[in-house]
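J.: Here it is, the structure in full.
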Amino acid sequence: MRFNHRELALYASHRLGRADKEGCLWMKEYEGILRKKETYTQRWFLLTGNLLFYCRTDYSDSGVVGLIILERCRVESESDGGNRNAFRLTFEDSEVGYSFLANSAKDQDEWTTALNSGSYEYLRMAFSELRGQLMHLTGRDPLVEDHPLGDLPIANISAMPASAPVFKGEPVFEMSLACSSLVGSLRDGVPSALIVSSCQTPPQAYWIRYAQTEVIEHNCDPQFFTTVVFYTGSVSMATRLKFEVFDVYDRMESKMCPIGQAQCQVMELIRAPDKRQRLEIMFDNAVCGYLHVKAWKPQSESSGREVCPLGPVAGAKGKPVEGSGESLDISGRSNFSFRAPMDSIVVRTFHFPTTNDQLLKMTEVMGEGRYSFSIPMQMLDLYIAEESSLLSQYATVTALSEDFEIARQEVMLEHSAMVSQYRQNKSGLQAQLEAGVTFKKSTSKSEAELDFVPVNLHVQEMKVIDGSAGGKEKVLYTVVTVGCPTAYSLKFRQGGLARMQVTSPFANTGSFSPSAENKSFRARTLLGRVQSAQSSLHKEGEQLLAGARAGSVEGVQGSVRTIADWVHHIKGHCNVTMVNDALRNWCNAIEDPSYVGLSPSEMNAGTLCHRVEEHVLCVEAQAEPLQETMLHTEEWHERLQRPLADLLASLDEVVAIIMKALLFLLIKESYQLIANKVPIGLKSYKHRRDIVFSQAVTSLVTSFAFRVLQSVAVSSFLSQLMEVGFLAHWESLLSTHGDEIGMLEDFIVAIHDLNNLKFKLTLAQTFNDVPKVTGTRYKVLVELPVQQTLFRVLPSQLRSGKEISVCVVLFTQGVNEQQSLADAWVAIAEISDSSNNVVSSHCRFGDSTLQDQINMRSLHQLTSYCTRYKEHLGSANAKTSKKSQQAFQLLEQLRAQMQLRKTKNLDILTLSQELCRTLDCGRITSCKSAKDRTGMSVTLEQGHILLQEMNMDPAGFQHALDAMRSQGTRIRNAEKNIGNAQYAFNVLQVFALPPLYRPPDGTYKKLQT
């Protein structure tokens, strides 16, 4: 903008001594002519209104050097070079910013406060807030009609107030609201109504904003779907209720005008006929419409009867006391299924119309998963134990030549650093847990100390009571919502895990296959198998001696055969090219060849194993005559003991040699990676995979725990777990463009590793037991503790510790603007063909191949699971037979949709959801941070279930979606993460979303997440 320098300087001189704030600050500026560098320069600042002047020194000695206009800006603290008194002024939609340094922390606080409150935007916001508070207290606008400031927006009431009800027990009092004959505040006379409910309980002298409804647009007789629920301790018979009705004439800017308000007392409402009241909505002593309130006492889930706390409170002699201020309460213990394992529970209720003219009560329940920190801490223990074991094994590879010894030491340093970092991570998580932190916010997803914790892990349930007489509440839907399992702090410069594996310097395949990575992976696998076989052979040797001591011929014969089989098994594992090469390389790297005690020609797996086989023949030779002569058992034991000891000693020696050779191979491979500047410790492929797997395991365990708790009494579900395994449907809304491709590449590996996980149900020892994680990297066993009352009803196989396999399928479909880019085709040229016809040549702006590959692979997995389900349970009873038929029908529809190759094909997600729900699966939904796109997906799935299974009126489908998205639990989830009860979409992003995924106006804004 243009301005007159002299006039501004004159204005600054007149404000000297009367400015809002003035003083000395250090300002970062550029110095130099050719090679500019940043440096802090001392300036004198003068703040007046939204104008920030700065001078060379005190204004009395020098003129104005510059001016900063404080609009559309914010001030943030920053640590510059370790100085904590630094702060920065930044502007919206601009990379321009100014950095300052104060002389003290006090100066920094004063300047930060003054600059943040100096803009016209701040004054307008403060004015709007004060106006809204006055309207809330008095029920009328403090501005007269046609006031010049009347068009300014009122404080945002469309976001749920900070005092929104928190679940603290069973609901004791519930209301539904409707209006009729509303008089609009604008010219057209048809309002878009919103009701804000407040309560006041004596002796409390002020109103507390408690709840609100959704906005119903352009309707003089709105019927609100959102209900108002009061919980134990939040309301009494003496409580007064106030209902403020607003006309929201601009939802995007949260502009609204008051229509009027109505008040009543809880006692009046409860004693009214049928617990209904028709109240006049008053504004300036004029009737502006009518409010219809219907109240009822919710049913106790445990008894199925109405709870009893809404009658008058008894006095000292048992007589009713009118107007008592006692809190409403209930007797009996709550038995809500969503009490565990969840924390910080949020509950929202709605009433939806059905096709048979009844009302359907739907309750949304959302809480933080209790395992967000406990499972990652156990995963870190597992990683630390495995890395420490590897370090101790590396320490046994000694007597190497100087160069290889240096390489060994460097590799061990990398692994030691990883162990140290993992221990720090675990300590940090323990500190967070002790501080009461129960989930990882989306704004913290890039914090390295929280790497192993899943982002924004929550569990959501939908419960429904139909409108029929005696209708019972049932859980229709449970979903775990979580940010996608990925290593945010490590970024995506090299892509995700799948791409890193394919592009590794030692990759031997052109396509992703986590089970066939490289020599190091195969060597680690072989080490584990050889050690396991060695342990089994030692146990069998004990069985042989025990059989001889007992005089059991069959026992001795069986043990001898088993020992021979194990030796043959070890030889089959070791007599391969990789092991023979490792033996030769290790022999050449040893400084003194006599250290091994074998000649180079003997350093061969076949030769080494042959020595063990000779000892097996000795054992067999000593066992055979004993079977014929039947010597005394003690003599039999003594004659077998010596050849068996020689066999085991020879086996241990051979295994030790082979293990050292394989460990040397690991050291050599790791050092080659270091030489190629590929990390092997922190920031390595393994480190990234550890992070991703920890997040994925935590999410899956949470889903499995809820599924078991809800269906533990269903015999068909328990049979399914034993015979077919647990099915988990993981839905991804990530796009195939930008960093989200890297996230998907991490996702693929996480799903692959999860399919190796197994569950086992155990008897809980205490009420607070958490799942126990055991096993090895990427082959985890999770023991889920079950309370005794539930454990008793389990089949004997599950009580005895039968392991439950897992089938995790991932279906992904990008829905945002980045997916629009990935799906876009762009015309790049016009080419004439042989007939001189102009042909447009097109290229793809992005690529969705990865998305298609993931879905196709999951379709094959799901087909295999359905086939096994049909084989084992398809004819068990009529219910499972029907499920099997429905599953195969949906499978064919899903296959047909995937062959269409449509962009943003939401039917893939919808059909896969329905198919897996049919098979009693666990449901998990993810996007980048599980807030915005996930919120749209969860509410849409809930809407589809209500339509298909509960006969919700299709005419109210969009209204129901808007109500759930604006007043339900998902917008509370957004508020918990970013401190703002709005979804983080801008207008362009909303336009790019499919229509059914779009949030209602006024519930989204461009926000930093």
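We name chains A, B, ... following the order of the structure tokens; residues begin at 1 in each chain, and ligands are numbered from 1 as shown.
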Do a neighbour search on A:Lys870 at 7 Å with only C-alpha atoms, toss out local chain neighbours closer than 4 positions, and write the hits as a PyMOL selection string.
T.: chain A and resi 866+874+884
J.: With C-alpha atoms retained, could you export that selection as a compact mmCIF listing (two decimals), in the first residue's frame?
T.:
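Final output, saved to result-v5.txt:
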```txt
# COMPACT_ATOMS: atom_id res chain seq x y z
CA CYS A 866 -13.46 -66.33 3.04
CA GLY A 874 -19.84 -72.48 6.31
CA SER A 884 -20.51 -67.17 4.19
```
J.: Residues at most 12 Å from A:Gln797, counting only C-alpha atoms, excluding those fewer than 2 positions away in the same chain, as a PyMOL selection string?
T.: chain A and resi 718-719+721-723+760-762+791-795+799-804
J.: Take the residues just selected and output them with C-alpha atoms as a JSON list (two decimals), in the first residue's frame.
T.:
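Result file part_0.json:
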```json
[["chain", "number", "residue", "atom", "x", "y", "z"],
["A", 718, "LEU", "CA", -14.84, -68.04, 19.17],
["A", 719, "SER", "CA", -14.90, -70.93, 16.69],
["A", 721, "LEU", "CA", -10.89, -67.36, 16.04],
["A", 722, "MET", "CA", -9.73, -70.94, 16.57],
["A", 723, "GLU", "CA", -10.34, -72.33, 13.09],
["A", 760, "LYS", "CA", -3.30, -65.84, 23.03],
["A", 761, "LEU", "CA", -6.01, -65.39, 25.67],
["A", 762, "THR", "CA", -4.88, -65.69, 29.30],
["A", 791, "PHE", "CA", -12.45, -66.54, 30.72],
["A", 792, "ARG", "CA", -14.75, -69.26, 32.05],
["A", 793, "VAL", "CA", -16.97, -69.17, 28.95],
["A", 794, "LEU", "CA", -14.06, -69.65, 26.52],
["A", 795, "PRO", "CA", -13.64, -73.01, 24.78],
["A", 799, "ARG", "CA", -8.26, -71.55, 27.81],
["A", 800, "SER", "CA", -5.37, -73.98, 27.27],
["A", 801, "GLY", "CA", -3.39, -71.36, 25.34],
["A", 802, "LYS", "CA", -4.19, -72.08, 21.69],
["A", 803, "GLU", "CA", -2.63, -69.32, 19.57],
["A", 804, "ILE", "CA", -4.90, -67.24, 17.35]]
```
J.: Could you list, as a PyMOL selection string, every residue within 8 Å of stretch 424-430 of chain A, counting only C-alpha atoms and ignoring same-chain residues fewer than 5 positions away?
T.: chain A and resi 373+377+380+449-450
J.: Identify, on the basis of only C-alpha atoms, every residue whose closest approach to A:Val455 does not exceed 7 Å; exclude the query and any residue fewer than 5 positions from it along the same chain; express the result as a PyMOL selection string.
T.: chain A and resi 440-442+445+482-483+929
J.: Store the residues picked out above in a file with N, CA and C atoms, as a PDB file, in the first residue's frame.
T.:
```pdb
ATOM      1  N   LYS A 440      -1.165 -39.613  21.882  1.00  0.00           N
ATOM      2  CA  LYS A 440      -0.233 -38.760  21.147  1.00  0.00           C
ATOM      3  C   LYS A 440      -1.017 -37.882  20.184  1.00  0.00           C
ATOM      4  N   LYS A 441      -0.948 -36.573  20.395  1.00  0.00           N
ATOM      5  CA  LYS A 441      -1.681 -35.640  19.547  1.00  0.00           C
ATOM      6  C   LYS A 441      -1.100 -35.616  18.128  1.00  0.00           C
ATOM      7  N   SER A 442      -1.934 -35.225  17.191  1.00  0.00           N
ATOM      8  CA  SER A 442      -1.470 -35.135  15.804  1.00  0.00           C
ATOM      9  C   SER A 442      -0.398 -34.066  15.658  1.00  0.00           C
ATOM     10  N   LYS A 445       3.163 -35.539  16.072  1.00  0.00           N
ATOM     11  CA  LYS A 445       3.518 -36.736  15.303  1.00  0.00           C
ATOM     12  C   LYS A 445       4.958 -36.755  14.830  1.00  0.00           C
ATOM     13  N   VAL A 482      -6.797 -44.169  14.037  1.00  0.00           N
ATOM     14  CA  VAL A 482      -5.396 -43.923  14.377  1.00  0.00           C
ATOM     15  C   VAL A 482      -4.692 -43.351  13.155  1.00  0.00           C
ATOM     16  N   GLY A 483      -3.700 -42.509  13.399  1.00  0.00           N
ATOM     17  CA  GLY A 483      -2.869 -42.035  12.302  1.00  0.00           C
ATOM     18  C   GLY A 483      -2.119 -43.199  11.671  1.00  0.00           C
ATOM     19  N   SER A 929      -3.454 -38.242  10.136  1.00  0.00           N
ATOM     20  CA  SER A 929      -3.450 -38.031  11.586  1.00  0.00           C
ATOM     21  C   SER A 929      -4.751 -38.446  12.243  1.00  0.00           C
TER      22      SER A 929
END
```
J.: For stretch 363-368 of chain A, work out the shell of residues within 10 Å, counting only C-alpha atoms and skipping chain neighbours fewer than 4 positions away, then give it as a ChimeraX atom specification.
T.: /A:167,227,338-351,372,438-440,456-465,473,475,477-481,939,942,964,968-970,972-973
J.: Write the residues you've just listed into a file as a compact mmCIF listing (two decimals), in the first residue's frame, and include N, CA and C atoms for each of them.
T.:
```txt
# COMPACT_ATOMS: atom_id res chain seq x y z
N PHE A 167 -18.33 -37.61 30.07
CA PHE A 167 -18.97 -38.82 30.60
C PHE A 167 -18.42 -39.13 32.00
N THR A 227 -29.44 -34.68 20.72
CA THR A 227 -30.14 -34.60 22.01
C THR A 227 -29.20 -34.05 23.08
N PHE A 338 -18.34 -50.01 26.99
CA PHE A 338 -17.26 -49.16 26.49
C PHE A 338 -16.39 -48.61 27.62
N ARG A 339 -16.57 -49.11 28.84
CA ARG A 339 -15.75 -48.62 29.94
C ARG A 339 -14.30 -49.10 29.83
N ALA A 340 -14.05 -50.18 29.13
CA ALA A 340 -12.70 -50.73 29.05
C ALA A 340 -12.50 -51.27 27.65
N PRO A 341 -11.29 -51.16 27.07
CA PRO A 341 -10.17 -50.40 27.62
C PRO A 341 -10.10 -49.01 27.00
N MET A 342 -10.80 -48.05 27.58
CA MET A 342 -10.86 -46.68 27.08
C MET A 342 -10.68 -45.70 28.23
N ASP A 343 -10.17 -44.52 27.90
CA ASP A 343 -10.04 -43.42 28.85
C ASP A 343 -10.56 -42.15 28.19
N SER A 344 -10.84 -41.14 29.04
CA SER A 344 -11.29 -39.82 28.56
C SER A 344 -12.46 -39.97 27.58
N ILE A 345 -13.52 -40.57 28.06
CA ILE A 345 -14.65 -40.92 27.20
C ILE A 345 -15.51 -39.71 26.90
N VAL A 346 -15.92 -39.58 25.65
CA VAL A 346 -16.84 -38.54 25.20
C VAL A 346 -18.07 -39.25 24.62
N VAL A 347 -19.26 -38.79 25.00
CA VAL A 347 -20.50 -39.41 24.56
C VAL A 347 -21.39 -38.36 23.90
N ARG A 348 -21.98 -38.70 22.77
CA ARG A 348 -22.94 -37.82 22.10
C ARG A 348 -24.14 -38.67 21.69
N THR A 349 -25.33 -38.12 21.79
CA THR A 349 -26.54 -38.86 21.45
C THR A 349 -27.35 -38.11 20.40
N PHE A 350 -28.07 -38.88 19.57
CA PHE A 350 -28.88 -38.32 18.49
C PHE A 350 -30.17 -39.13 18.40
N HIS A 351 -31.20 -38.48 17.85
CA HIS A 351 -32.45 -39.16 17.50
C HIS A 351 -32.68 -39.00 16.01
N SER A 372 -1.92 -47.07 24.31
CA SER A 372 -1.10 -46.22 23.44
C SER A 372 0.35 -46.14 23.88
N THR A 438 -2.13 -39.74 27.88
CA THR A 438 -2.70 -41.03 27.46
C THR A 438 -2.79 -41.21 25.96
N PHE A 439 -2.52 -40.17 25.19
CA PHE A 439 -2.49 -40.35 23.74
C PHE A 439 -1.57 -39.33 23.11
N LYS A 440 -1.16 -39.61 21.88
CA LYS A 440 -0.23 -38.76 21.15
C LYS A 440 -1.02 -37.88 20.18
N ASN A 456 -2.81 -40.30 17.71
CA ASN A 456 -4.25 -40.05 17.88
C ASN A 456 -5.06 -41.34 17.91
N LEU A 457 -4.62 -42.30 18.70
CA LEU A 457 -5.32 -43.59 18.79
C LEU A 457 -6.58 -43.44 19.65
N HIS A 458 -7.73 -43.66 19.04
CA HIS A 458 -9.01 -43.61 19.74
C HIS A 458 -9.87 -44.80 19.32
N VAL A 459 -10.82 -45.12 20.17
CA VAL A 459 -11.81 -46.15 19.86
C VAL A 459 -13.18 -45.49 19.82
N GLN A 460 -13.96 -45.83 18.83
CA GLN A 460 -15.31 -45.27 18.71
C GLN A 460 -16.32 -46.40 18.58
N GLU A 461 -17.42 -46.27 19.33
CA GLU A 461 -18.52 -47.22 19.25
C GLU A 461 -19.80 -46.49 18.88
N MET A 462 -20.67 -47.17 18.17
CA MET A 462 -22.00 -46.65 17.88
C MET A 462 -23.01 -47.63 18.47
N LYS A 463 -23.84 -47.13 19.40
CA LYS A 463 -24.89 -47.95 20.02
C LYS A 463 -26.24 -47.42 19.57
N VAL A 464 -27.17 -48.32 19.43
CA VAL A 464 -28.47 -47.96 18.87
C VAL A 464 -29.57 -48.62 19.69
N ILE A 465 -30.65 -47.86 19.95
CA ILE A 465 -31.90 -48.40 20.48
C ILE A 465 -32.99 -48.03 19.49
N GLU A 473 -30.62 -51.70 23.78
CA GLU A 473 -29.43 -51.08 23.20
C GLU A 473 -28.47 -52.16 22.73
N VAL A 475 -24.63 -52.72 20.36
CA VAL A 475 -23.48 -52.12 19.69
C VAL A 475 -23.49 -52.57 18.24
N TYR A 477 -21.42 -51.02 15.86
CA TYR A 477 -20.21 -50.64 15.11
C TYR A 477 -19.13 -50.24 16.11
N THR A 478 -17.94 -50.77 15.92
CA THR A 478 -16.77 -50.38 16.70
C THR A 478 -15.60 -50.20 15.74
N VAL A 479 -14.91 -49.10 15.88
CA VAL A 479 -13.78 -48.84 15.00
C VAL A 479 -12.66 -48.19 15.80
N VAL A 480 -11.43 -48.58 15.48
CA VAL A 480 -10.24 -47.93 16.03
C VAL A 480 -9.78 -46.91 15.00
N THR A 481 -9.62 -45.67 15.43
CA THR A 481 -9.12 -44.63 14.52
C THR A 481 -7.72 -44.23 14.98
N THR A 939 -18.11 -41.26 10.22
CA THR A 939 -19.51 -40.82 10.25
C THR A 939 -20.28 -41.34 9.04
N GLN A 942 -21.09 -44.96 9.70
CA GLN A 942 -22.19 -45.03 10.66
C GLN A 942 -23.52 -44.76 9.98
N MET A 964 -23.85 -35.52 12.96
CA MET A 964 -22.75 -36.28 13.56
C MET A 964 -21.42 -35.56 13.39
N GLY A 968 -21.01 -34.37 16.87
CA GLY A 968 -20.64 -35.69 17.35
C GLY A 968 -19.25 -35.74 17.94
N THR A 969 -18.77 -36.95 18.15
CA THR A 969 -17.48 -37.15 18.81
C THR A 969 -16.28 -36.81 17.93
N ARG A 970 -16.45 -36.87 16.62
CA ARG A 970 -15.28 -36.67 15.75
C ARG A 970 -14.77 -35.24 15.77
N ARG A 972 -14.94 -33.41 18.37
CA ARG A 972 -14.25 -33.34 19.66
C ARG A 972 -12.84 -33.89 19.52
N ASN A 973 -12.69 -34.91 18.68
CA ASN A 973 -11.36 -35.46 18.44
C ASN A 973 -10.45 -34.42 17.82
```
J.: Once DSSP has gone over the backbone, tell me which residues of stretch 342-565 of chain A are in strand (DSSP E), as an NGL selection string.
T.: :A and (342-353 or 359-369 or 458-465 or 474-481)
J.: Hey, what's within 10 Å of A:Ala272 if we count only C-alpha atoms and toss same-chain stuff fewer than 5 positions away? As an MDAnalysis selection string, please?
T.: chainID A and resid 266:267 277 294:295
J.: Tell me which protein, DNA and RNA residues are within 8 Å of stretch 667-683 of chain A, counting only C-alpha atoms, leaving out same-chain ones fewer than 2 positions away, and put them as a ChimeraX atom specification.
T.: /A:394,407-408,410-411,414-415,417-418,490,505,519-520,663-665,685-688
